[in-house]
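Here's the structure we're looking at; comments come further down.
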Amino acid sequence: MLQLADFEKSYHHAPVLHIPQLDIGPGIYWIKGANGSGKSTLLKAIAGIIDFSGDILLNNTSIKKQAVDYRRRVNFAEAEPVFPEFLTGSDMLALFMTAKQAPAGQPDRYLESMQMQAYLDQPLGAYSSGMLKKLSLLLAFIGTPSLILLDEPLITLDMASLAILYDWIKERQQTQGTSFLLSSHQPLEEHTLPISGTLHVADKTVKWLPG
Ligand SMILES: Nc1ncnc2c1ncn2[C@@H]1O[C@H](COP(=O)(O)OP(=O)(O)OP(=O)(O)O)[C@@H](O)[C@H]1O
């Protein structure tokens with residue numbers, strides 16, 4: 001499903017990650033690592049929003065050689081989303097629906113399950129951090145991506161919302177075969193998600209461990 005080849009990322013000539021080769025199949029993966037190890041950097045590179053050397057392929061589509069096609073297949077939710085304060089949640093949703101060519105009505109059940117309709121038309125400057133997080137997670141489910149990247153999806157969500165997010169992930173994987181990379185600091189409750197493996201980010205590289 002996802003391949004990284006000769007991947008190198010530096011900030012201002014300081015190397016952060018070097019991954020000679022990484023090849024993972026379809027599934028749901030956790031990305032683990034200490035603060036500053038490079039989890040967000042890895043996710044942003046796979047999302048196609050930061051530059052790096054080497055190549056990343058998603059189902060044989062290269063981020064470098066087929067950039068538009070690649071980006072259409074990947075959705076990303078940032079750890080701490082920042083949106084223009086004067087726009088509303090509905091504005092953001094309409095934008096993503098168009099950009100991701102989403103089927104009409106796709107957000108409805110997501111909005112309902114997280115009970116977001118009540119504040120969707122408020123300006124984003126008036127959202128709490130949890131409300132912003134839910135919106136950013138919802139936007140990552142818009143369209144029909146093959147891979148959804150969620151950076152720290154568990155932070156700022158209350159327990160009820162966490163259970164709903166786990167249901168979204170499981171349902172999407174089961175019905176559409178969507179793969180997920182999820183970064184987290186928290187130790188997870190066992191059996192919440194059918195995890196295929198863990199990517200450990202340490203010593204400026206990434207190691208894959210099954211289960
Ligand atoms: N824009 C940037 N400019 C310079 N250095 C950066 C930049 N972004 C990240 N770094 C550095 O790259 C390294 C990896 O950062 P990254 O945010 O990817 O780590 P992380 O594992 O996601 O951390 P955390 O768990 O604290 O969120 C850190 O040393 C950080 O200081």
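Here, A, B, ... name the chains of the structure tokens in the order displayed, residue numbers run from 1 inside each chain, and ligands are numbered from 1 in the same displayed order.
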*asked:* As a quick test: using only C-alpha atoms and all ligand atoms, which residues lie no more than 6 Å away from ligand 1? Give them as a list in words.
replied: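 If we count only C-alpha atoms and all ligand atoms, the neighbours of ligand 1 turn out to be Tyr11, Val16, Gly33, Ala34, Asn35, Gly36, Ser37, Gly38, Lys39, Ser40 and Thr41 of chain A.
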Assign secondary structure with DSSP using the backbone only, and return the residues of segment 108-144 of chain A in helix (DSSP H, G or I) as a list in words.
-> Asp108, Arg109, Tyr110, Leu111, Glu112, Ser113, Gln117, Ala118, Tyr119, Leu124, Gly125, Ala126, Ser129, Gly130, Met131, Leu132, Lys133, Lys134, Leu135, Ser136, Leu137, Leu138, Leu139 and Ala140 of chain A
With N, CA and C atoms kept, could you save the residues just selected as a PDB file, in the first residue's frame?
ATOM      1  N   ASP A 108     -23.243  13.870   6.277  1.00  0.00           N
ATOM      2  CA  ASP A 108     -24.417  13.918   7.156  1.00  0.00           C
ATOM      3  C   ASP A 108     -24.310  13.006   8.381  1.00  0.00           C
ATOM      4  N   ARG A 109     -23.978  11.751   8.151  1.00  0.00           N
ATOM      5  CA  ARG A 109     -23.968  10.826   9.307  1.00  0.00           C
ATOM      6  C   ARG A 109     -22.789  11.082  10.232  1.00  0.00           C
ATOM      7  N   TYR A 110     -21.689  11.617   9.673  1.00  0.00           N
ATOM      8  CA  TYR A 110     -20.559  11.993  10.539  1.00  0.00           C
ATOM      9  C   TYR A 110     -20.959  13.155  11.443  1.00  0.00           C
ATOM     10  N   LEU A 111     -21.619  14.152  10.823  1.00  0.00           N
ATOM     11  CA  LEU A 111     -22.058  15.328  11.595  1.00  0.00           C
ATOM     12  C   LEU A 111     -23.025  14.909  12.692  1.00  0.00           C
ATOM     13  N   GLU A 112     -23.914  13.996  12.329  1.00  0.00           N
ATOM     14  CA  GLU A 112     -24.932  13.559  13.286  1.00  0.00           C
ATOM     15  C   GLU A 112     -24.296  12.786  14.436  1.00  0.00           C
ATOM     16  N   SER A 113     -23.394  11.863  14.116  1.00  0.00           N
ATOM     17  CA  SER A 113     -22.837  11.018  15.169  1.00  0.00           C
ATOM     18  C   SER A 113     -22.001  11.829  16.169  1.00  0.00           C
ATOM     19  N   GLN A 117     -23.934  19.474  14.177  1.00  0.00           N
ATOM     20  CA  GLN A 117     -24.801  20.380  13.396  1.00  0.00           C
ATOM     21  C   GLN A 117     -25.073  21.685  14.125  1.00  0.00           C
ATOM     22  N   ALA A 118     -25.161  21.629  15.466  1.00  0.00           N
ATOM     23  CA  ALA A 118     -25.589  22.802  16.244  1.00  0.00           C
ATOM     24  C   ALA A 118     -24.639  23.982  16.075  1.00  0.00           C
ATOM     25  N   TYR A 119     -23.354  23.697  15.832  1.00  0.00           N
ATOM     26  CA  TYR A 119     -22.401  24.814  15.754  1.00  0.00           C
ATOM     27  C   TYR A 119     -21.733  24.959  14.394  1.00  0.00           C
ATOM     28  N   LEU A 124     -15.381  29.953  12.853  1.00  0.00           N
ATOM     29  CA  LEU A 124     -14.422  29.033  13.473  1.00  0.00           C
ATOM     30  C   LEU A 124     -13.657  29.677  14.625  1.00  0.00           C
ATOM     31  N   GLY A 125     -13.595  31.015  14.638  1.00  0.00           N
ATOM     32  CA  GLY A 125     -12.954  31.716  15.748  1.00  0.00           C
ATOM     33  C   GLY A 125     -13.674  31.479  17.067  1.00  0.00           C
ATOM     34  N   ALA A 126     -14.944  31.059  16.992  1.00  0.00           N
ATOM     35  CA  ALA A 126     -15.724  30.830  18.215  1.00  0.00           C
ATOM     36  C   ALA A 126     -15.720  29.361  18.633  1.00  0.00           C
ATOM     37  N   SER A 129     -11.298  24.092  21.292  1.00  0.00           N
ATOM     38  CA  SER A 129     -10.285  23.241  20.666  1.00  0.00           C
ATOM     39  C   SER A 129     -10.869  21.865  20.290  1.00  0.00           C
ATOM     40  N   GLY A 130     -11.770  21.341  21.113  1.00  0.00           N
ATOM     41  CA  GLY A 130     -12.404  20.048  20.798  1.00  0.00           C
ATOM     42  C   GLY A 130     -13.303  20.141  19.570  1.00  0.00           C
ATOM     43  N   MET A 131     -14.030  21.266  19.445  1.00  0.00           N
ATOM     44  CA  MET A 131     -14.902  21.458  18.269  1.00  0.00           C
ATOM     45  C   MET A 131     -14.051  21.557  17.000  1.00  0.00           C
ATOM     46  N   LEU A 132     -12.909  22.259  17.082  1.00  0.00           N
ATOM     47  CA  LEU A 132     -12.008  22.377  15.928  1.00  0.00           C
ATOM     48  C   LEU A 132     -11.443  21.010  15.552  1.00  0.00           C
ATOM     49  N   LYS A 133     -11.105  20.237  16.588  1.00  0.00           N
ATOM     50  CA  LYS A 133     -10.527  18.908  16.349  1.00  0.00           C
ATOM     51  C   LYS A 133     -11.534  18.020  15.621  1.00  0.00           C
ATOM     52  N   LYS A 134     -12.779  18.046  16.084  1.00  0.00           N
ATOM     53  CA  LYS A 134     -13.801  17.215  15.433  1.00  0.00           C
ATOM     54  C   LYS A 134     -13.981  17.626  13.981  1.00  0.00           C
ATOM     55  N   LEU A 135     -13.984  18.946  13.720  1.00  0.00           N
ATOM     56  CA  LEU A 135     -14.142  19.410  12.343  1.00  0.00           C
ATOM     57  C   LEU A 135     -12.972  18.930  11.487  1.00  0.00           C
ATOM     58  N   SER A 136     -11.766  19.055  12.025  1.00  0.00           N
ATOM     59  CA  SER A 136     -10.598  18.656  11.225  1.00  0.00           C
ATOM     60  C   SER A 136     -10.602  17.148  10.964  1.00  0.00           C
ATOM     61  N   LEU A 137     -11.047  16.360  11.934  1.00  0.00           N
ATOM     62  CA  LEU A 137     -11.158  14.909  11.716  1.00  0.00           C
ATOM     63  C   LEU A 137     -12.212  14.608  10.664  1.00  0.00           C
ATOM     64  N   LEU A 138     -13.354  15.287  10.767  1.00  0.00           N
ATOM     65  CA  LEU A 138     -14.418  15.077   9.769  1.00  0.00           C
ATOM     66  C   LEU A 138     -13.899  15.394   8.358  1.00  0.00           C
ATOM     67  N   LEU A 139     -13.164  16.497   8.217  1.00  0.00           N
ATOM     68  CA  LEU A 139     -12.665  16.890   6.891  1.00  0.00           C
ATOM     69  C   LEU A 139     -11.735  15.815   6.310  1.00  0.00           C
ATOM     70  N   ALA A 140     -11.029  15.100   7.197  1.00  0.00           N
ATOM     71  CA  ALA A 140     -10.127  14.042   6.716  1.00  0.00           C
ATOM     72  C   ALA A 140     -10.890  12.831   6.179  1.00  0.00           C
TER      73      ALA A 140
END
Check which residues of segment 179-207 of chain A sit at most 10 Å from segment 60-80 of chain A using only C-alpha atoms, and return one row each with the closest pair of atoms and their distance in Å to one decimal, ordered by chain and rising number, as JSON lines.
{"residue": "A:Ser179", "atom": "CA", "partner": "A:Val74", "partner_atom": "CA", "distance": 9.7}
{"residue": "A:Phe180", "atom": "CA", "partner": "A:Asn75", "partner_atom": "CA", "distance": 9.7}
{"residue": "A:Leu181", "atom": "CA", "partner": "A:Phe76", "partner_atom": "CA", "distance": 9.6}
{"residue": "A:Leu182", "atom": "CA", "partner": "A:Ala77", "partner_atom": "CA", "distance": 9.9}
{"residue": "A:Ser183", "atom": "CA", "partner": "A:Ala79", "partner_atom": "CA", "distance": 8.9}
{"residue": "A:Ser184", "atom": "CA", "partner": "A:Ala79", "partner_atom": "CA", "distance": 9.7}
So that I can check the secondary structure, give me every residue of segment 23-200 of chain A assigned strand (DSSP E) by backbone DSSP, as a VMD selection string.
chain A and resid 23 to 24 28 to 32 53 to 58 61 to 62 74 to 77 147 to 150 179 to 183 197 to 200
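Ranking A:Ser128, A:Thr205, A:Ser161, A:Ser146 by their shortest atom-to-atom distance to Pro20 of chain A, with only C-alpha atoms included, puts A:Thr205 first.
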Counting only C-alpha atoms, the option among A:Pro107, A:Gly25, A:Pro84, A:Pro123 closest to Leu57 of chain A
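Using only C-alpha atoms, Leu57 of chain A sits closest to A:Gly25.
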